[in-house]
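Colleague: Take a look at the following structure, please.
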Amino acid sequence: MTLVVSDEPKEVSLLDPPKRRVWGPQAAPAAPERVPEKATATLLLVTVLIIATCGLVYELLASTLASFVLGDAVMQYSTVIGVYLSAMGIGAWLSGRVEGGVARTFVEIEIAVALVGGLSAPVLFMAFAHLSWFRVVLYAIVLVIGILVGMEIPLLLRILRERYAFKDLIARVLTVDYLGALVGSLAFPIFFVPKLGLVRTSLVIGGINALTAIGSTFLLAEDVKPHKTGLLARAGLVLAILIAGTVGAERITLLAEEGLYADEIVYAKQTTYQRIVVTRGRSSFQLFLNGNLQFSSADEYRYHEALVWPALAARAEAGLPTRNVLVLGGGDGLGLRELLKSPGLESITIVDLDPGMTALAKTMPLLRNLNEGSFFDPRVHVVNDDAYVWLGDKRNEALRYDVVIADFPDPNHYALGKLYTTRMYALMKQHLGEGGVISVQSTSPLFARRSFWCIARTMEKAGLEVAPYHVFVPSFGEWGFTLARAAGPAPTPLIPQKLPALPFKPKYLDDPSLRQLFVLARDMESLEVEINRLDNQVLVHYYEAEWKRYL
Amino acid sequence: MIDRRDFLTTFLGATASAVACKRAPPSPNLVGELGGANFERGHRLREPELRAKLAGPLPVEKVRVAIVGGGPAGLSAAWRLLRAGVRDFVILELEDVAGGTSRGGESAVSRYPLGAHYVPVPGPEARALITLFDELGLVEGREPDGTPIIAEQVLCRAPEERLFYRGTWYEGLYLHAGASPRDLAQFRAFKKELAKWNKWRDPKGRHAFVIPLSRASDDPEVLALDAMSMDAWMRARGFDSPRLRWLVDYGCRDDYALSLEQASAWAGLFYFVSRMGADSQSAELITWPDGNGELVRRLAGSVGDRLRTGMTVGQIDDDGTLGVLDRDGVAKRISAERVIVALPRFVARNVVTSLRGREESAAFDYGAWVVANLHLRDRPTSYGVPFAWDNVLYESKSLGYVVATHQAGRDHGPTVWTWYYAIAEDGKPTREKLLKATHRDWADVAYSDLAPTHREFATLVDRIDVFRWGHAMTRPRVGARVALAKASPATAIGKLHFAHTDLSGVALFEEAHDHGVRAAEEVLAALEIASPTIR
Ligand SMILES: Cc1cc2nc3c(=O)[nH]c(=O)nc-3n(C[C@H](O)[C@H](O)[C@H](O)COP(=O)(O)OP(=O)(O)OC[C@H]3O[C@@H](n4cnc5c(N)ncnc54)[C@H](O)[C@@H]3O)c2cc1C
């Protein structure tokens, strides 16, 4: 931590005109010739240590929290630390403006730090959940804490100067200050974050500041005399607020999560693999995985019809039946529902990573009704494994499918990004039977156009002929898919002209709208992109960059 | 009993030790084993009774070629012989499994390395190695310059590496966070120096730093780098940025078990430049869950029952006669038309009769390594960028850990981390501590090193298996390269042909392979078997 010492005599004489100076080389002889009470002086140095530690922890708290909720740790750390340090500079400068009542001002500032710093993490979490201008709150809080913390040491220096005749005063204070920074920087990752979490850490550190305020009031009793009771009362009040907050921290974190979703949470569970949340609104319900919307019951039929039927239609148009289907991901069972309606279907193998997800789709009434109990159909075989690992497994090498459907969450991190690589598509291709067709959920061609085309081009690179298409899903916006089959001469075009003969009418698709899916307007047209490989994972970077604009 | 604080301080430094000592030591139920090269069989080599046992009249087995040592060098020699149609040979390996310092282990969770963990994508000069990779199905094509295009699934999956610094993980190995313009300028200037050396050619058109080293230049300008330390080289160029020096020091520790001050400038530059492509970007890495264990397993697989494990070769005479003890200590003699001695130099000089008693060249100085495999029930939480294949700690003396399940694509659930520690310190006290240490002492070092870097780490570690490599690899100290050239240890003696990575002065799979192939081709020539060279 860098400390700006504005009350170094030389600097003060530059900053402040002599007439306004209340202390300094000239003022020093006028200071009361008090005998330095050794104990008090030492205790004041301990105070320096504590406030330095707390100061650093606030800085780390804000940075960590910001990188948690916003991602891009380097960016968050740099900006938060930058704002914080410059705010400290402002604080140090402001401290020079304080004229009388230095001790009292110091205690007041301590109380203020306790309140603002102590509540910083809970307030920021709530702000992120509830406000669209989270960053404004973030930097405002960082600025305020920085200014207050920046005032602490200079003020304490002035108090100490009256008591200490030591010429190495600044050296001592700075030593202790840097030591405090070390303590803070070690305690934060090693103790506070793992043991208490961010919200509690913030409240506890605030409490320590409040206690320091109380301690300093007693320590500097003589200097703050007329205000002693008032100071103690305020510090006590802040302490009480923080204690109440600590007790309720559990509820605050939950509150914060609730605020992330538009509707009431009816189910929330952290499995080994992901956080599953189901929310329920007035007339529909939604499924979220790690905070990302997977579907809304109001319009998911558009998505799932578009995921499944073009592939089945392409098969039918080539004069081929679809008997054997492999579904990768799609643990909600909604794609299964569509597939099971296809005449002549004999078996579906579904490979989904999370047994927690497939079990929920089987047992939760909301979901089970929506997927029409598809997991209970004897033609459905569930495998809980990573689709990448399962497809690459030698034991599954000989398995062949008429249709492969990949319905994975969007590639927002590397573990998902690998499911959209040339290697993965080459594996899918290997598992296609004669005239086999692939359909891949490909994120939004409008909001994430580069990502969408990266998926299509990557599939091509893996030796597939592709036909990208899209559908409008109100709760998602424009959504994209890619239809594909092994490249090479084929009897019929890949893009189907009509649905297969069905004993029922789909809710959304008919022949003209099927053809419409493959019409991509100019704002969704192809772009120059790199190929997504296991060893570069460019898609994750494209995706992050594109969605960041909308979040 | 070793003092915990003292031990931790020796291997992790005072700060980390103080932090670790404040918290409880790893819980007593932290199980695991202490493994290493087979001491008992290795020690037999020094006992006088061995010579007596091997001196008397013994049953003799005749073979055409005997390969002594089943590490990458010996296995590569066997592979080369098989390619030439030679089937009458044996490989004699002391351990119960082949692979030497490249072998791996396996558990219900994953395969994992015990030593070597990767090979960079070879450049066009490594012809024999590319032939091997092609045969193993790893090569999908060639770049115009001859560099092989390697199958995606064996190239290290992104993200390749991350760096832990003050509570947060950052992308890459160079600490960009907080770098000053001066740091960055030096980093750029350093890369420029590397690029310059990458472009450098001697009058014969040879590279300064290239793998295999048999293709490298011996120009005085290159050899001059052997006379100074990497530290001196950097200082002379004003490279004093702490994070740049850290990066180079890390490289030296990682590849050589030497610090920046100990490694020669030749070695320091070799580390970076030898794995650069024509575009001066570092080559991608080839890896498997068990590191190079995959390569030796597959090589050993193709040799079949010609590989005989548990065989201690105690004597090798120039005329091709071997004195061997089997697993039960029963002695016998093998008489071969030709012998390939694929042993580490420190063993060869005790076993090869005509090397015994000779003064050893300063080129052969060995470093020790400790490798710990940690089984974790689940993935702990860490701050900053997500798990990479290689996870390095900026402020630790260890080399961090590699995630064994990364390359398999398993991103959830149980995993194995392979933690590396190269002992760069010289001097007896460190060596003694290394030898006296128990499983628990080392498990404690690995644990204390990693616990502060992840949340919930303590509750997730199931076991820590420690593997100790006493003579892990030869080290390219200042002057080693010139000394090695003088000793020319690869020159055949009588019917004996030599192969081992030690003969290159750096420990690399590619060098072991090149020596194995060379020695095999020498044997083919000696046996008058026509087979055009593949090197
Ligand atoms: C911790 C560690 C990490 C490493 N990481 C890498 C890496 O990432 N990449 C890389 O390229 N290299 C790495 N290396 C180096 C690499 O392992 C070696 O370069 C390679 O294994 C050398 O092969 P070799 O055949 O020359 O020798 P060795 O592997 O040493 O094989 C020699 C064989 O001889 C056997 N033997 C010894 N004595 C006798 C006897 N008396 N009779 C019969 N047999 C005997 C031994 O048991 C052994 O199997 C690493 C090494 C270590 C220790």
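Following the order of the structure tokens, chains are lettered A, B, ..., residues in each are numbered from 1, and ligands are numbered from 1.
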Enumerate as a PyMOL selection string the residues within 6 Å of ligand 1, counting only C-alpha atoms and all ligand atoms.
Modeller: chain B and resi 68-74+92-95+98-102+115-119+311-314+343-344+347+369+469+472+500-501+507-509+512
Colleague: Can you pull out the residues contacting Tyr77 (chain A)? Cut-off 12 Å, using only C-alpha atoms, and skip same-chain residues under 2 positions away; I want them as a ChimeraX atom specification.
Modeller: /A:59-68,70-75,79-85,139,142 /B:166-170,177-178,383-384
Colleague: Using only C-alpha atoms, pick whichever of B:Asp365, B:Asp88, B:Glu160, B:Asp449 has the shortest atom-to-atom distance to chain A.
Modeller: B:Glu160
Colleague: Using only C-alpha atoms and a cut-off of 7 Å, which residues of chain A sit close to chain B? Please list them as an MDAnalysis selection string.
Modeller: chainID A and resid 73:74 189:190 194 272:273 388:389 415 423 534:537
Colleague: Keeping only all heavy atoms, write those residues as a tab-separated table (two decimals), in the first residue's frame.
Modeller:
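Contents of the output file out_0.tsv:
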chain	number	residue	atom	x	y	z
A	73	ALA	N	-10.64	-10.27	-13.56
A	73	ALA	CA	-9.98	-9.90	-12.30
A	73	ALA	C	-8.93	-8.81	-12.48
A	73	ALA	O	-8.86	-7.87	-11.69
A	73	ALA	CB	-9.34	-11.14	-11.68
A	74	VAL	N	-8.15	-8.90	-13.54
A	74	VAL	CA	-7.06	-7.95	-13.72
A	74	VAL	C	-7.62	-6.53	-13.80
A	74	VAL	O	-7.16	-5.61	-13.14
A	74	VAL	CB	-6.25	-8.28	-14.99
A	74	VAL	CG1	-5.21	-7.22	-15.24
A	74	VAL	CG2	-5.63	-9.65	-14.88
A	189	PRO	N	-6.29	-13.36	2.08
A	189	PRO	CA	-6.50	-14.62	1.36
A	189	PRO	C	-6.42	-15.85	2.26
A	189	PRO	O	-7.03	-16.87	1.98
A	189	PRO	CB	-5.37	-14.65	0.33
A	189	PRO	CG	-4.30	-13.80	0.91
A	189	PRO	CD	-4.99	-12.75	1.72
A	190	ILE	N	-5.62	-15.76	3.34
A	190	ILE	CA	-5.36	-16.96	4.12
A	190	ILE	C	-6.44	-17.18	5.17
A	190	ILE	O	-6.89	-18.28	5.40
A	190	ILE	CB	-3.97	-16.88	4.77
A	190	ILE	CG1	-2.91	-16.88	3.68
A	190	ILE	CG2	-3.74	-18.04	5.72
A	190	ILE	CD1	-1.54	-16.56	4.17
A	194	PRO	N	-11.24	-17.37	3.14
A	194	PRO	CA	-11.68	-18.76	3.32
A	194	PRO	C	-12.53	-18.99	4.57
A	194	PRO	O	-13.44	-19.81	4.54
A	194	PRO	CB	-10.37	-19.55	3.41
A	194	PRO	CG	-9.28	-18.57	3.59
A	194	PRO	CD	-9.77	-17.26	3.11
A	272	THR	N	-22.37	-30.77	-7.67
A	272	THR	CA	-20.92	-30.78	-7.86
A	272	THR	C	-20.55	-29.96	-9.10
A	272	THR	O	-19.45	-29.46	-9.22
A	272	THR	CB	-20.43	-32.22	-8.10
A	272	THR	OG1	-21.11	-33.05	-7.17
A	272	THR	CG2	-18.94	-32.36	-7.89
A	273	TYR	N	-21.48	-29.87	-10.03
A	273	TYR	CA	-21.14	-29.32	-11.33
A	273	TYR	C	-21.61	-27.89	-11.55
A	273	TYR	O	-21.00	-27.15	-12.29
A	273	TYR	CB	-21.72	-30.21	-12.43
A	273	TYR	CG	-21.31	-31.64	-12.24
A	273	TYR	CD1	-22.14	-32.56	-11.63
A	273	TYR	CD2	-20.04	-32.05	-12.63
A	273	TYR	CE1	-21.73	-33.87	-11.43
A	273	TYR	CE2	-19.61	-33.34	-12.43
A	273	TYR	CZ	-20.47	-34.26	-11.83
A	273	TYR	OH	-20.05	-35.54	-11.62
A	388	TYR	N	-17.62	-34.75	-23.64
A	388	TYR	CA	-16.33	-34.80	-24.33
A	388	TYR	C	-15.60	-36.10	-23.98
A	388	TYR	O	-15.06	-36.78	-24.84
A	388	TYR	CB	-15.48	-33.59	-23.91
A	388	TYR	CG	-14.07	-33.63	-24.44
A	388	TYR	CD1	-13.79	-33.21	-25.74
A	388	TYR	CD2	-13.02	-34.08	-23.65
A	388	TYR	CE1	-12.49	-33.25	-26.23
A	388	TYR	CE2	-11.73	-34.13	-24.13
A	388	TYR	CZ	-11.47	-33.71	-25.42
A	388	TYR	OH	-10.18	-33.76	-25.90
A	389	VAL	N	-15.60	-36.43	-22.69
A	389	VAL	CA	-14.91	-37.63	-22.23
A	389	VAL	C	-15.61	-38.87	-22.77
A	389	VAL	O	-14.98	-39.80	-23.26
A	389	VAL	CB	-14.84	-37.65	-20.69
A	389	VAL	CG1	-14.21	-38.94	-20.20
A	389	VAL	CG2	-14.08	-36.44	-20.17
A	415	ALA	N	-14.41	-25.13	-19.48
A	415	ALA	CA	-14.95	-26.48	-19.35
A	415	ALA	C	-16.09	-26.68	-20.35
A	415	ALA	O	-16.34	-27.79	-20.81
A	415	ALA	CB	-15.43	-26.72	-17.93
A	423	ARG	N	-12.04	-30.77	-32.20
A	423	ARG	CA	-11.91	-32.14	-31.69
A	423	ARG	C	-13.29	-32.71	-31.36
A	423	ARG	O	-13.61	-33.84	-31.71
A	423	ARG	CB	-11.02	-32.14	-30.45
A	423	ARG	CG	-10.98	-33.43	-29.67
A	423	ARG	CD	-10.35	-34.56	-30.46
A	423	ARG	NE	-10.32	-35.79	-29.68
A	423	ARG	CZ	-10.08	-36.98	-30.19
A	423	ARG	NH1	-9.85	-37.11	-31.49
A	423	ARG	NH2	-10.06	-38.04	-29.43
A	534	LEU	N	-9.07	-27.00	-28.96
A	534	LEU	CA	-8.79	-27.25	-27.55
A	534	LEU	C	-7.62	-26.43	-27.06
A	534	LEU	O	-7.60	-25.95	-25.93
A	534	LEU	CB	-8.45	-28.73	-27.34
A	534	LEU	CG	-9.59	-29.72	-27.40
A	534	LEU	CD1	-9.04	-31.13	-27.40
A	534	LEU	CD2	-10.53	-29.51	-26.23
A	535	ASP	N	-6.63	-26.26	-27.93
A	535	ASP	CA	-5.42	-25.60	-27.46
A	535	ASP	C	-5.46	-24.09	-27.66
A	535	ASP	O	-4.48	-23.42	-27.37
A	535	ASP	CB	-4.18	-26.21	-28.13
A	535	ASP	CG	-4.30	-26.25	-29.64
A	535	ASP	OD1	-5.40	-26.47	-30.14
A	535	ASP	OD2	-3.29	-26.03	-30.33
A	536	ASN	N	-6.59	-23.53	-28.14
A	536	ASN	CA	-6.66	-22.06	-28.12
A	536	ASN	C	-7.93	-21.55	-27.43
A	536	ASN	O	-7.91	-20.49	-26.83
A	536	ASN	CB	-6.49	-21.46	-29.52
A	536	ASN	CG	-7.64	-21.77	-30.47
A	536	ASN	OD1	-8.70	-22.24	-30.07
A	536	ASN	ND2	-7.44	-21.49	-31.72
A	537	GLN	N	-9.00	-22.31	-27.52
A	537	GLN	CA	-10.27	-21.92	-26.87
A	537	GLN	C	-10.65	-20.47	-27.18
A	537	GLN	O	-11.06	-19.72	-26.29
A	537	GLN	CB	-10.18	-22.14	-25.36
A	537	GLN	CG	-10.03	-23.60	-24.99
A	537	GLN	CD	-11.25	-24.20	-24.31
A	537	GLN	OE1	-12.37	-23.75	-24.49
A	537	GLN	NE2	-11.05	-25.24	-23.54
Colleague: So that I can see what lies close to Ala458 (chain B), please list as a ChimeraX atom specification the residues with an atom at most 10 Å from it, counting only C-alpha atoms and leaving out residues fewer than 4 positions away in the same chain.
Modeller: /B:26-27,376,380,447-448,450-452,454,462
Colleague: Create the file for the chosen residues now, containing C-alpha atoms and written as a PDB file, in the first residue's frame.
Modeller:
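Saved as again09.pdb:
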ATOM      1  CA  PRO B  26      -1.786 -31.768   7.585  1.00  0.00           C
ATOM      2  CA  SER B  27      -4.126 -34.035   9.425  1.00  0.00           C
ATOM      3  CA  LEU B 376      -8.344 -34.508  -4.347  1.00  0.00           C
ATOM      4  CA  PRO B 380     -11.303 -26.467  -4.548  1.00  0.00           C
ATOM      5  CA  TYR B 447       0.495 -29.420   1.474  1.00  0.00           C
ATOM      6  CA  SER B 448       1.796 -26.240   3.088  1.00  0.00           C
ATOM      7  CA  LEU B 450      -0.631 -25.399  -1.869  1.00  0.00           C
ATOM      8  CA  ALA B 451      -3.051 -24.917   1.023  1.00  0.00           C
ATOM      9  CA  PRO B 452      -2.912 -21.080   0.975  1.00  0.00           C
ATOM     10  CA  HIS B 454      -7.120 -22.586  -2.676  1.00  0.00           C
ATOM     11  CA  ASP B 462      -7.335 -37.536   0.234  1.00  0.00           C
TER      12      ASP B 462
END
Colleague: As a PDB file with C-alpha atoms, in the first residue's frame, which residues of region 445-533 of chain A does DSSP assign to helix (DSSP H, G or I)?
Modeller:
ATOM      1  CA  ARG A 449     -22.442 -13.057 -33.850  1.00  0.00           C
ATOM      2  CA  ARG A 450     -18.738 -13.843 -33.791  1.00  0.00           C
ATOM      3  CA  SER A 451     -19.287 -16.762 -31.409  1.00  0.00           C
ATOM      4  CA  PHE A 452     -22.121 -18.072 -33.577  1.00  0.00           C
ATOM      5  CA  TRP A 453     -19.992 -18.049 -36.706  1.00  0.00           C
ATOM      6  CA  CYS A 454     -17.002 -19.395 -34.853  1.00  0.00           C
ATOM      7  CA  ILE A 455     -19.073 -22.487 -34.023  1.00  0.00           C
ATOM      8  CA  ALA A 456     -20.169 -22.917 -37.652  1.00  0.00           C
ATOM      9  CA  ARG A 457     -16.642 -22.472 -39.042  1.00  0.00           C
ATOM     10  CA  THR A 458     -15.194 -24.800 -36.425  1.00  0.00           C
ATOM     11  CA  MET A 459     -17.679 -27.481 -37.436  1.00  0.00           C
ATOM     12  CA  GLU A 460     -16.691 -26.998 -41.081  1.00  0.00           C
ATOM     13  CA  LYS A 461     -13.044 -27.345 -40.162  1.00  0.00           C
ATOM     14  CA  ASP A 511     -43.104 -25.855 -43.663  1.00  0.00           C
ATOM     15  CA  PRO A 512     -42.766 -22.142 -44.531  1.00  0.00           C
ATOM     16  CA  SER A 513     -41.426 -21.232 -41.094  1.00  0.00           C
ATOM     17  CA  LEU A 514     -38.993 -24.167 -41.278  1.00  0.00           C
ATOM     18  CA  ARG A 515     -37.536 -22.662 -44.463  1.00  0.00           C
ATOM     19  CA  GLN A 516     -37.502 -19.220 -42.843  1.00  0.00           C
ATOM     20  CA  LEU A 517     -35.182 -20.497 -40.097  1.00  0.00           C
ATOM     21  CA  ARG A 522     -27.741  -8.948 -42.792  1.00  0.00           C
ATOM     22  CA  ASP A 523     -27.032  -8.223 -39.137  1.00  0.00           C
ATOM     23  CA  MET A 524     -26.453 -11.922 -38.536  1.00  0.00           C
TER      24      MET A 524
END
Colleague: I want to know what sits within 6 Å of region 34-48 of chain B, based on only C-alpha atoms, with residues of the same chain fewer than 3 positions away left out; could you give that as number ranges by chain?
Modeller: B: 51, 314, 439, 466-469
Colleague: Work out how far apart CA of Leu427 (chain A) and CA of Arg533 (chain A) are and give it in Å to one decimal.
Modeller: 13.1 Å
Colleague: Show which residues sit within 12 Å of Phe408 (chain A), as a ChimeraX atom specification. Count only C-alpha atoms, and ignore same-chain residues fewer than 4 positions away.
Modeller: /A:289,292,294,307,327-332,335,350-354,386-388,412,415-420,439-443,481
Colleague: For the residues in that selection, give me C-alpha atoms as a PDB file, in the first residue's frame.
Modeller:
ATOM      1  CA  LEU A 289     -27.661 -22.890 -14.608  1.00  0.00           C
ATOM      2  CA  ASN A 292     -27.680 -18.264 -17.060  1.00  0.00           C
ATOM      3  CA  GLN A 294     -31.706 -22.114 -19.942  1.00  0.00           C
ATOM      4  CA  LEU A 307     -33.273 -27.627 -32.067  1.00  0.00           C
ATOM      5  CA  VAL A 327     -28.410 -36.125 -27.185  1.00  0.00           C
ATOM      6  CA  LEU A 328     -25.449 -34.366 -25.563  1.00  0.00           C
ATOM      7  CA  GLY A 329     -26.386 -32.072 -22.691  1.00  0.00           C
ATOM      8  CA  GLY A 330     -30.060 -31.189 -22.628  1.00  0.00           C
ATOM      9  CA  GLY A 331     -30.663 -32.636 -19.167  1.00  0.00           C
ATOM     10  CA  ASP A 332     -33.949 -30.732 -18.862  1.00  0.00           C
ATOM     11  CA  GLY A 335     -35.382 -31.838 -26.439  1.00  0.00           C
ATOM     12  CA  ILE A 350     -28.667 -38.775 -23.483  1.00  0.00           C
ATOM     13  CA  VAL A 351     -25.268 -37.857 -22.048  1.00  0.00           C
ATOM     14  CA  ASP A 352     -25.541 -35.089 -19.473  1.00  0.00           C
ATOM     15  CA  LEU A 353     -22.815 -34.192 -17.019  1.00  0.00           C
ATOM     16  CA  ASP A 354     -24.981 -33.551 -13.999  1.00  0.00           C
ATOM     17  CA  ASP A 386     -18.840 -35.331 -19.502  1.00  0.00           C
ATOM     18  CA  ALA A 387     -19.886 -35.524 -23.173  1.00  0.00           C
ATOM     19  CA  TYR A 388     -16.325 -34.800 -24.326  1.00  0.00           C
ATOM     20  CA  ASN A 412     -18.822 -19.020 -21.126  1.00  0.00           C
ATOM     21  CA  ALA A 415     -14.949 -26.478 -19.351  1.00  0.00           C
ATOM     22  CA  LEU A 416     -17.842 -25.699 -21.725  1.00  0.00           C
ATOM     23  CA  GLY A 417     -15.663 -24.239 -24.475  1.00  0.00           C
ATOM     24  CA  LYS A 418     -14.077 -27.649 -25.084  1.00  0.00           C
ATOM     25  CA  LEU A 419     -17.520 -28.937 -26.166  1.00  0.00           C
ATOM     26  CA  TYR A 420     -17.431 -26.581 -29.170  1.00  0.00           C
ATOM     27  CA  SER A 439     -27.762 -30.183 -34.719  1.00  0.00           C
ATOM     28  CA  VAL A 440     -25.896 -27.840 -32.382  1.00  0.00           C
ATOM     29  CA  GLN A 441     -27.192 -25.073 -30.108  1.00  0.00           C
ATOM     30  CA  SER A 442     -24.969 -22.194 -31.210  1.00  0.00           C
ATOM     31  CA  THR A 443     -25.756 -19.151 -29.002  1.00  0.00           C
ATOM     32  CA  PHE A 481     -28.307 -23.372 -34.221  1.00  0.00           C
TER      33      PHE A 481
END
Colleague: Which residues come within 6 Å of region 262-277 of chain B, counting only C-alpha atoms, excluding same-chain residues fewer than 3 positions away, as an NGL selection string?
Modeller: :B and (198 or 209-210 or 225-226 or 228-230 or 258-259 or 280-283 or 477-478)
Colleague: Keeping only all heavy atoms, write those residues as a compact mmCIF listing (two decimals), in the first residue's frame.
Modeller:
# COMPACT_ATOMS: atom_id res chain seq x y z
N ASN B 198 17.04 -17.09 -32.16
CA ASN B 198 16.24 -18.04 -32.94
C ASN B 198 16.57 -17.93 -34.43
O ASN B 198 16.49 -18.91 -35.16
CB ASN B 198 14.75 -17.78 -32.68
CG ASN B 198 13.88 -18.89 -33.22
OD1 ASN B 198 14.24 -20.06 -33.13
ND2 ASN B 198 12.74 -18.54 -33.79
N PHE B 209 20.47 -23.04 -31.01
CA PHE B 209 19.76 -23.86 -30.01
C PHE B 209 18.69 -24.66 -30.74
O PHE B 209 17.73 -24.08 -31.23
CB PHE B 209 19.10 -22.98 -28.96
CG PHE B 209 20.07 -22.07 -28.27
CD1 PHE B 209 20.14 -20.72 -28.62
CD2 PHE B 209 20.91 -22.56 -27.29
CE1 PHE B 209 21.04 -19.89 -27.98
CE2 PHE B 209 21.81 -21.72 -26.65
CZ PHE B 209 21.88 -20.38 -27.00
N VAL B 210 18.87 -25.93 -30.79
CA VAL B 210 17.88 -26.73 -31.51
C VAL B 210 17.84 -28.12 -30.90
O VAL B 210 18.80 -28.58 -30.29
CB VAL B 210 18.24 -26.78 -33.02
CG1 VAL B 210 19.50 -27.59 -33.26
CG2 VAL B 210 17.10 -27.31 -33.86
N LEU B 225 28.67 -18.69 -24.52
CA LEU B 225 27.57 -18.56 -23.56
C LEU B 225 27.68 -19.58 -22.45
O LEU B 225 27.06 -19.44 -21.39
CB LEU B 225 26.23 -18.74 -24.28
CG LEU B 225 25.89 -17.66 -25.31
CD1 LEU B 225 24.72 -18.11 -26.18
CD2 LEU B 225 25.55 -16.36 -24.60
N ASP B 226 28.44 -20.64 -22.69
CA ASP B 226 28.60 -21.68 -21.69
C ASP B 226 29.52 -21.23 -20.56
O ASP B 226 29.51 -21.78 -19.47
CB ASP B 226 29.16 -22.94 -22.37
CG ASP B 226 29.23 -24.12 -21.43
OD1 ASP B 226 28.20 -24.39 -20.78
OD2 ASP B 226 30.30 -24.74 -21.33
N MET B 228 29.52 -18.34 -19.02
CA MET B 228 28.96 -17.40 -18.03
C MET B 228 27.62 -17.92 -17.54
O MET B 228 26.99 -18.76 -18.19
CB MET B 228 28.79 -16.02 -18.65
CG MET B 228 27.73 -15.95 -19.72
SD MET B 228 27.53 -14.28 -20.37
CE MET B 228 28.46 -14.40 -21.88
N SER B 229 27.21 -17.39 -16.38
CA SER B 229 25.92 -17.82 -15.84
C SER B 229 24.81 -17.04 -16.53
O SER B 229 25.05 -15.99 -17.11
CB SER B 229 25.87 -17.57 -14.34
OG SER B 229 25.79 -16.19 -14.10
N MET B 230 23.61 -17.56 -16.46
CA MET B 230 22.46 -16.85 -17.05
C MET B 230 22.28 -15.52 -16.34
O MET B 230 21.91 -14.52 -16.95
CB MET B 230 21.20 -17.72 -16.91
CG MET B 230 20.00 -17.18 -17.66
SD MET B 230 20.33 -17.08 -19.44
CE MET B 230 18.90 -16.18 -20.02
N LEU B 258 18.21 -25.89 -11.53
CA LEU B 258 19.28 -24.91 -11.27
C LEU B 258 18.67 -23.54 -11.12
O LEU B 258 17.65 -23.24 -11.73
CB LEU B 258 20.26 -24.87 -12.46
CG LEU B 258 21.18 -26.07 -12.69
CD1 LEU B 258 21.97 -25.86 -13.97
CD2 LEU B 258 22.12 -26.26 -11.51
N SER B 259 19.33 -22.69 -10.33
CA SER B 259 18.87 -21.32 -10.26
C SER B 259 19.49 -20.54 -11.42
O SER B 259 20.37 -21.03 -12.11
CB SER B 259 19.29 -20.71 -8.92
OG SER B 259 20.69 -20.59 -8.91
N SER B 280 9.22 -17.38 -33.95
CA SER B 280 9.71 -16.98 -32.63
C SER B 280 8.63 -17.00 -31.56
O SER B 280 8.74 -16.34 -30.53
CB SER B 280 10.41 -15.62 -32.67
OG SER B 280 11.63 -15.75 -33.37
N GLN B 281 7.57 -17.75 -31.78
CA GLN B 281 6.59 -18.01 -30.72
C GLN B 281 6.96 -19.36 -30.11
O GLN B 281 7.49 -20.23 -30.81
CB GLN B 281 5.18 -18.11 -31.29
CG GLN B 281 4.71 -16.86 -32.00
CD GLN B 281 4.52 -15.70 -31.04
OE1 GLN B 281 4.00 -15.87 -29.94
NE2 GLN B 281 4.97 -14.52 -31.44
N SER B 282 6.67 -19.54 -28.81
CA SER B 282 7.01 -20.85 -28.23
C SER B 282 6.10 -21.92 -28.82
O SER B 282 4.91 -21.68 -29.03
CB SER B 282 6.87 -20.87 -26.72
OG SER B 282 6.64 -19.64 -26.22
N ALA B 283 6.68 -23.06 -29.04
CA ALA B 283 5.93 -24.19 -29.60
C ALA B 283 4.86 -24.62 -28.61
O ALA B 283 5.00 -24.42 -27.40
CB ALA B 283 6.88 -25.34 -29.88
N ARG B 477 25.35 -26.67 -15.79
CA ARG B 477 25.95 -25.54 -15.08
C ARG B 477 26.91 -24.80 -16.00
O ARG B 477 27.19 -25.24 -17.10
CB ARG B 477 26.76 -26.06 -13.90
CG ARG B 477 25.94 -26.58 -12.77
CD ARG B 477 26.88 -27.19 -11.76
NE ARG B 477 26.15 -27.58 -10.57
CZ ARG B 477 25.81 -26.76 -9.59
NH1 ARG B 477 26.14 -25.49 -9.63
NH2 ARG B 477 25.14 -27.21 -8.55
N VAL B 478 27.47 -23.72 -15.47
CA VAL B 478 28.46 -22.96 -16.23
C VAL B 478 29.61 -23.91 -16.59
O VAL B 478 30.12 -24.63 -15.73
CB VAL B 478 28.97 -21.77 -15.39
CG1 VAL B 478 30.07 -21.03 -16.14
CG2 VAL B 478 27.82 -20.83 -15.05
